Amino acid sequence: MADIVLSVASKATEYVVAPVCRQCGYVIYSNSYVGKLNKELVQLENERQRVQHSVDEARNNMKQIEADVEEWMKKVETVSNNARGLLDNDVRAKKTCFCGWLPNPKERYRLGREARRTAEDVQALLVRSRFERISYKNAPPWHIEGARNLISLDTVTGSRASIFQGIMKALDDEKLKVIGVYGPGGVGKTTLLEEVEKKLRKEGRPFHMIVKAKVSQTPDLKKIQEDIACALGLKLIDVPTEEGRRDLLFKRIQNDPSENILIILDDLWEKLDLKAVGIPDGDESRGCKLLLSSRFQDVLEQKMHADRTFRLEGLNNDEAFELVEKTICWPSGRRPSVVI
């Protein structure tokens with residue numbers, strides 16, 4: 001019987017006295033909890049700066065940040081703000097009651113409890129701060145991977161075939177950095193560039209990446225930068241200025257000297273300031289080449305300093321019929337006659 005009484009008394013002490021002592025401890029040891037939180041907050045800030053340095057370095061090298069790292073950084077910011085707010089309120093908890101004889105127990109209790117809980121959150125973040133990997137290099141959406149799933153429309157016919165082959169040969173020439181196609185509006189310059197792009201993607205060489213942007217009669221520099229950045233796998237949403245976007249694009253294009261990049265700029269009407277966009281020019285171009293189209297020969301040769309240009313004329317009747325045949329697949333020998 002005595003053993004049963006002792007057992008019941010022991011359990012009563014465990015379930016009643018222990019919680020009471022813990023609650024009282026929030027008041028009695030509040031200064032200790034606050035001091036511990038302060039020290040661990042300093043450690044967390046040091047870890048945050050260490051991870052941030054790695055993140056900044058990765059982004060400067062055009063790498064993507066791992067999702068768990070970004071999630072950790074966000075949680076660190078939230079917990080750190082809560083901790084700082086708690087420490088700032090420590091002054092209020094030091095106010096006294098009973099004419100200055102005793103600390104305010106209500107405020108000390110609240111401070112001690114919140115400091116202990118926040119310290120536990122800080123400790124959990126410190127444990128997770130040693131990441132196996134901070135970043136990774138993501139293949140941009142226009143990265144060339146060979147001939148898979150690529151279908152050629154085979155619309156290059158007649159005299160255009162020689163121009164097409166000339167462009168392909170010029171692009172393969174390491175000495176030529178800027179190649180241009182010019183001709184009247186509506187003759188198919190954009191279509192020809194699309195065929196060149198398809199051919200290059202099918203072969204998977206000599207360019208590792210192909211990016212393109214439409215310039216038009218009234219160039220929108222921001223839109224051009226965003227089109228190029230998207231193809232390169234860059235995010236410019238957090239870069240508000242043209243200069244910032246320019247510098248980021250320039251750095252990305254020059255990031256890997258062994259990487260060959262083709263930039264297609266369609267429909268130029270006047271000189272485009274390549275450096276303002278963020279495109280390396282001249283000796284800085286390295287493995288970067290330009291394929292341009294314009295209605296005007298002088299824009300390409302005199303203003304954009306094209307190394308080689310090709311004039312594109314409209315299709316003659318035979319070439320037009322040949323293109324139609326390839327497009328809608330008329331049976332051989334059954335081409336309709338046309339009386340003009």
# chains A, B, ... in the order shown; residues from 1 in each chain; ligands from 1

$ closest_atom_pairs --of "range 225-315 of chain A" --to "range 118-140 of chain A" --cutoff "12 Å" --atoms "only C-alpha atoms" --output "JSON lines"
{"residue": "A:Ile228", "atom": "CA", "partner": "A:Pro140", "partner_atom": "CA", "distance": 10.9}
{"residue": "A:Ala229", "atom": "CA", "partner": "A:Pro140", "partner_atom": "CA", "distance": 9.5}
{"residue": "A:Cys230", "atom": "CA", "partner": "A:Pro140", "partner_atom": "CA", "distance": 7.9}
{"residue": "A:Ala231", "atom": "CA", "partner": "A:Pro140", "partner_atom": "CA", "distance": 6.2}
{"residue": "A:Leu232", "atom": "CA", "partner": "A:Pro140", "partner_atom": "CA", "distance": 5.3}
{"residue": "A:Gly233", "atom": "CA", "partner": "A:Pro140", "partner_atom": "CA", "distance": 4.4}
{"residue": "A:Leu234", "atom": "CA", "partner": "A:Pro140", "partner_atom": "CA", "distance": 8.2}
{"residue": "A:Lys235", "atom": "CA", "partner": "A:Pro140", "partner_atom": "CA", "distance": 11.1}
{"residue": "A:Arg252", "atom": "CA", "partner": "A:Pro140", "partner_atom": "CA", "distance": 11.8}

$ closest_atom_pairs --of "range 222-286 of chain A" --to "range 181-191 of chain A" --cutoff "10 Å" --atoms "only C-alpha atoms" --output "Markdown table"
| residue | atom | partner | partner_atom | distance |
| --- | --- | --- | --- | --- |
| A:Leu265 | CA | A:Thr190 | CA | 9.8 |
| A:Asp266 | CA | A:Thr190 | CA | 6.8 |
| A:Asp267 | CA | A:Thr190 | CA | 7.9 |
| A:Leu268 | CA | A:Tyr182 | CA | 9.6 |

$ closest_residue --among "A:Val51, A:Met168, A:Leu236, A:Leu176" --to "Lys222 in chain A" --atoms "only C-alpha atoms"
A:Leu236

$ closest_residue --among "A:Lys175, A:Gly112, A:Ser80, A:Lys63" --to "Lys36 in chain A" --atoms "only C-alpha atoms"
A:Gly112

$ select_by_dssp --residues "range 98-286 of chain A" --states "strand (DSSP E or B)" --output "PyMOL selection string"
chain A and resi 102-103+135-136+143+178-182+209-216+261-268

$ write_last_selection --atoms "N, CA, C and O atoms" --output "mmCIF file, in the first residue's frame"
data_model
loop_
_atom_site.group_PDB
_atom_site.id
_atom_site.type_symbol
_atom_site.label_atom_id
_atom_site.label_comp_id
_atom_site.auth_asym_id
_atom_site.auth_seq_id
_atom_site.Cartn_x
_atom_site.Cartn_y
_atom_site.Cartn_z
ATOM 1 N N LEU A 102 10.737 44.950 -7.059
ATOM 2 C CA LEU A 102 10.769 43.664 -7.759
ATOM 3 C C LEU A 102 10.680 43.875 -9.274
ATOM 4 O O LEU A 102 10.040 44.818 -9.732
ATOM 5 N N PRO A 103 11.308 42.952 -10.033
ATOM 6 C CA PRO A 103 11.131 43.001 -11.496
ATOM 7 C C PRO A 103 9.681 42.691 -11.853
ATOM 8 O O PRO A 103 8.994 42.020 -11.097
ATOM 9 N N SER A 135 24.886 25.631 -55.032
ATOM 10 C CA SER A 135 24.374 26.028 -56.338
ATOM 11 C C SER A 135 24.589 24.914 -57.359
ATOM 12 O O SER A 135 25.228 23.898 -57.086
ATOM 13 N N TYR A 136 24.054 25.155 -58.549
ATOM 14 C CA TYR A 136 24.239 24.240 -59.665
ATOM 15 C C TYR A 136 24.148 25.031 -60.959
ATOM 16 O O TYR A 136 23.575 26.124 -60.985
ATOM 17 N N HIS A 143 19.715 25.806 -74.869
ATOM 18 C CA HIS A 143 20.967 25.060 -74.981
ATOM 19 C C HIS A 143 20.816 23.961 -76.027
ATOM 20 O O HIS A 143 19.844 23.226 -76.039
ATOM 21 N N VAL A 178 30.611 38.743 -87.405
ATOM 22 C CA VAL A 178 29.302 39.335 -87.669
ATOM 23 C C VAL A 178 28.887 39.014 -89.092
ATOM 24 O O VAL A 178 29.579 39.397 -90.047
ATOM 25 N N ILE A 179 27.779 38.312 -89.253
ATOM 26 C CA ILE A 179 27.253 37.937 -90.570
ATOM 27 C C ILE A 179 25.876 38.563 -90.723
ATOM 28 O O ILE A 179 25.076 38.559 -89.776
ATOM 29 N N GLY A 180 25.594 39.102 -91.900
ATOM 30 C CA GLY A 180 24.329 39.789 -92.099
ATOM 31 C C GLY A 180 23.585 39.341 -93.335
ATOM 32 O O GLY A 180 24.194 38.937 -94.330
ATOM 33 N N VAL A 181 22.257 39.446 -93.280
ATOM 34 C CA VAL A 181 21.385 39.169 -94.423
ATOM 35 C C VAL A 181 20.518 40.402 -94.629
ATOM 36 O O VAL A 181 19.877 40.882 -93.687
ATOM 37 N N TYR A 182 20.480 40.919 -95.864
ATOM 38 C CA TYR A 182 19.667 42.102 -96.125
ATOM 39 C C TYR A 182 18.835 41.889 -97.384
ATOM 40 O O TYR A 182 19.111 41.033 -98.222
ATOM 41 N N MET A 209 25.143 27.327 -77.701
ATOM 42 C CA MET A 209 23.858 27.956 -77.436
ATOM 43 C C MET A 209 23.512 28.925 -78.547
ATOM 44 O O MET A 209 24.393 29.550 -79.141
ATOM 45 N N ILE A 210 22.206 29.039 -78.837
ATOM 46 C CA ILE A 210 21.703 30.000 -79.817
ATOM 47 C C ILE A 210 20.615 30.827 -79.146
ATOM 48 O O ILE A 210 19.669 30.272 -78.576
ATOM 49 N N VAL A 211 20.757 32.140 -79.195
ATOM 50 C CA VAL A 211 19.752 33.033 -78.617
ATOM 51 C C VAL A 211 19.330 34.029 -79.689
ATOM 52 O O VAL A 211 20.085 34.296 -80.635
ATOM 53 N N LYS A 212 18.136 34.576 -79.554
ATOM 54 C CA LYS A 212 17.675 35.523 -80.577
ATOM 55 C C LYS A 212 16.750 36.570 -79.979
ATOM 56 O O LYS A 212 16.109 36.350 -78.941
ATOM 57 N N ALA A 213 16.690 37.694 -80.681
ATOM 58 C CA ALA A 213 15.815 38.790 -80.263
ATOM 59 C C ALA A 213 15.418 39.585 -81.502
ATOM 60 O O ALA A 213 16.193 39.708 -82.461
ATOM 61 N N LYS A 214 14.205 40.113 -81.488
ATOM 62 C CA LYS A 214 13.724 40.967 -82.577
ATOM 63 C C LYS A 214 13.968 42.417 -82.188
ATOM 64 O O LYS A 214 13.579 42.860 -81.114
ATOM 65 N N VAL A 215 14.609 43.156 -83.105
ATOM 66 C CA VAL A 215 14.979 44.542 -82.804
ATOM 67 C C VAL A 215 13.877 45.507 -83.228
ATOM 68 O O VAL A 215 13.428 46.329 -82.443
ATOM 69 N N SER A 216 13.433 45.454 -84.483
ATOM 70 C CA SER A 216 12.349 46.265 -85.047
ATOM 71 C C SER A 216 12.761 47.717 -85.277
ATOM 72 O O SER A 216 13.857 48.149 -84.910
ATOM 73 N N ILE A 261 28.615 30.966 -78.613
ATOM 74 C CA ILE A 261 27.239 31.454 -78.551
ATOM 75 C C ILE A 261 26.920 32.220 -79.831
ATOM 76 O O ILE A 261 27.692 33.074 -80.266
ATOM 77 N N LEU A 262 25.769 31.903 -80.422
ATOM 78 C CA LEU A 262 25.282 32.655 -81.583
ATOM 79 C C LEU A 262 24.102 33.509 -81.141
ATOM 80 O O LEU A 262 23.128 33.001 -80.584
ATOM 81 N N ILE A 263 24.187 34.809 -81.417
ATOM 82 C CA ILE A 263 23.099 35.732 -81.101
ATOM 83 C C ILE A 263 22.492 36.207 -82.418
ATOM 84 O O ILE A 263 23.172 36.820 -83.243
ATOM 85 N N ILE A 264 21.212 35.913 -82.623
ATOM 86 C CA ILE A 264 20.495 36.311 -83.829
ATOM 87 C C ILE A 264 19.679 37.559 -83.522
ATOM 88 O O ILE A 264 18.813 37.540 -82.633
ATOM 89 N N LEU A 265 19.965 38.640 -84.236
ATOM 90 C CA LEU A 265 19.234 39.888 -84.069
ATOM 91 C C LEU A 265 18.497 40.172 -85.381
ATOM 92 O O LEU A 265 19.126 40.438 -86.410
ATOM 93 N N ASP A 266 17.180 40.112 -85.324
ATOM 94 C CA ASP A 266 16.359 40.204 -86.529
ATOM 95 C C ASP A 266 15.758 41.602 -86.681
ATOM 96 O O ASP A 266 15.364 42.233 -85.695
ATOM 97 N N ASP A 267 15.690 42.073 -87.926
ATOM 98 C CA ASP A 267 14.969 43.292 -88.290
ATOM 99 C C ASP A 267 15.605 44.561 -87.716
ATOM 100 O O ASP A 267 14.965 45.331 -86.999
ATOM 101 N N LEU A 268 16.864 44.782 -88.037
ATOM 102 C CA LEU A 268 17.537 46.031 -87.651
ATOM 103 C C LEU A 268 17.223 47.117 -88.676
ATOM 104 O O LEU A 268 17.312 46.887 -89.883
#

$ closest_residue --among "A:Gln217, A:Leu87, A:Leu290, A:Ser258" --to "Leu193 in chain A" --atoms "only C-alpha atoms"
A:Leu290

$ atom_distance --atom1 "CA of Lys275 in chain A" --atom2 "CA of Phe250 in chain A"
8.1 Å

$ decode --residues "range 243-270 of chain A" --atoms "N, CA, C and O atoms" --output "tab-separated table (two decimals), in the first residue's frame"
chain	number	residue	atom	x	y	z
A	243	GLU	N	21.75	49.54	-67.18
A	243	GLU	CA	23.17	49.32	-66.97
A	243	GLU	C	23.41	48.02	-66.21
A	243	GLU	O	24.34	47.27	-66.52
A	244	GLY	N	22.56	47.75	-65.20
A	244	GLY	CA	22.70	46.51	-64.44
A	244	GLY	C	22.45	45.29	-65.31
A	244	GLY	O	23.17	44.30	-65.23
A	245	ARG	N	21.41	45.37	-66.15
A	245	ARG	CA	21.11	44.25	-67.06
A	245	ARG	C	22.23	44.08	-68.07
A	245	ARG	O	22.61	42.96	-68.41
A	246	ARG	N	22.75	45.20	-68.56
A	246	ARG	CA	23.86	45.17	-69.52
A	246	ARG	C	25.06	44.44	-68.92
A	246	ARG	O	25.64	43.54	-69.55
A	247	ASP	N	25.44	44.81	-67.72
A	247	ASP	CA	26.62	44.22	-67.08
A	247	ASP	C	26.44	42.73	-66.83
A	247	ASP	O	27.37	41.94	-67.01
A	248	LEU	N	25.22	42.34	-66.42
A	248	LEU	CA	24.95	40.93	-66.15
A	248	LEU	C	25.01	40.10	-67.43
A	248	LEU	O	25.59	39.00	-67.46
A	249	LEU	N	24.42	40.62	-68.51
A	249	LEU	CA	24.46	39.91	-69.79
A	249	LEU	C	25.90	39.79	-70.31
A	249	LEU	O	26.31	38.72	-70.77
A	250	PHE	N	26.63	40.88	-70.24
A	250	PHE	CA	28.01	40.89	-70.71
A	250	PHE	C	28.84	39.85	-69.97
A	250	PHE	O	29.61	39.08	-70.57
A	251	LYS	N	28.65	39.81	-68.66
A	251	LYS	CA	29.42	38.88	-67.83
A	251	LYS	C	29.04	37.44	-68.14
A	251	LYS	O	29.90	36.56	-68.19
A	252	ARG	N	27.74	37.19	-68.38
A	252	ARG	CA	27.31	35.83	-68.67
A	252	ARG	C	27.86	35.36	-70.02
A	252	ARG	O	28.32	34.22	-70.14
A	253	ILE	N	27.80	36.21	-71.03
A	253	ILE	CA	28.26	35.80	-72.35
A	253	ILE	C	29.76	35.53	-72.36
A	253	ILE	O	30.23	34.63	-73.07
A	254	GLN	N	30.50	36.27	-71.54
A	254	GLN	CA	31.95	36.08	-71.49
A	254	GLN	C	32.38	35.10	-70.39
A	254	GLN	O	33.57	34.90	-70.18
A	255	ASN	N	31.41	34.50	-69.73
A	255	ASN	CA	31.71	33.67	-68.55
A	255	ASN	C	32.63	32.50	-68.89
A	255	ASN	O	33.56	32.20	-68.15
A	256	ASP	N	32.38	31.82	-69.99
A	256	ASP	CA	33.15	30.64	-70.37
A	256	ASP	C	33.78	30.85	-71.73
A	256	ASP	O	33.09	30.82	-72.76
A	257	PRO	N	35.10	31.07	-71.80
A	257	PRO	CA	35.76	31.35	-73.09
A	257	PRO	C	35.61	30.22	-74.10
A	257	PRO	O	35.71	30.45	-75.30
A	258	SER	N	35.39	29.00	-73.62
A	258	SER	CA	35.28	27.86	-74.53
A	258	SER	C	33.87	27.67	-75.06
A	258	SER	O	33.63	26.80	-75.91
A	259	GLU	N	32.92	28.47	-74.61
A	259	GLU	CA	31.52	28.34	-75.00
A	259	GLU	C	31.22	29.21	-76.22
A	259	GLU	O	31.40	30.42	-76.19
A	260	ASN	N	30.75	28.60	-77.29
A	260	ASN	CA	30.40	29.34	-78.50
A	260	ASN	C	28.91	29.69	-78.48
A	260	ASN	O	28.07	28.80	-78.34
A	261	ILE	N	28.62	30.97	-78.61
A	261	ILE	CA	27.24	31.45	-78.55
A	261	ILE	C	26.92	32.22	-79.83
A	261	ILE	O	27.69	33.07	-80.27
A	262	LEU	N	25.77	31.90	-80.42
A	262	LEU	CA	25.28	32.65	-81.58
A	262	LEU	C	24.10	33.51	-81.14
A	262	LEU	O	23.13	33.00	-80.58
A	263	ILE	N	24.19	34.81	-81.42
A	263	ILE	CA	23.10	35.73	-81.10
A	263	ILE	C	22.49	36.21	-82.42
A	263	ILE	O	23.17	36.82	-83.24
A	264	ILE	N	21.21	35.91	-82.62
A	264	ILE	CA	20.50	36.31	-83.83
A	264	ILE	C	19.68	37.56	-83.52
A	264	ILE	O	18.81	37.54	-82.63
A	265	LEU	N	19.97	38.64	-84.24
A	265	LEU	CA	19.23	39.89	-84.07
A	265	LEU	C	18.50	40.17	-85.38
A	265	LEU	O	19.13	40.44	-86.41
A	266	ASP	N	17.18	40.11	-85.32
A	266	ASP	CA	16.36	40.20	-86.53
A	266	ASP	C	15.76	41.60	-86.68
A	266	ASP	O	15.36	42.23	-85.69
A	267	ASP	N	15.69	42.07	-87.93
A	267	ASP	CA	14.97	43.29	-88.29
A	267	ASP	C	15.61	44.56	-87.72
A	267	ASP	O	14.97	45.33	-87.00
A	268	LEU	N	16.86	44.78	-88.04
A	268	LEU	CA	17.54	46.03	-87.65
A	268	LEU	C	17.22	47.12	-88.68
A	268	LEU	O	17.31	46.89	-89.88
A	269	TRP	N	16.90	48.30	-88.19
A	269	TRP	CA	16.64	49.45	-89.06
A	269	TRP	C	17.75	50.50	-88.96
A	269	TRP	O	17.98	51.25	-89.88
A	270	GLU	N	18.37	50.54	-87.83
A	270	GLU	CA	19.48	51.46	-87.59
A	270	GLU	C	20.55	50.73	-86.79
A	270	GLU	O	20.38	49.56	-86.42
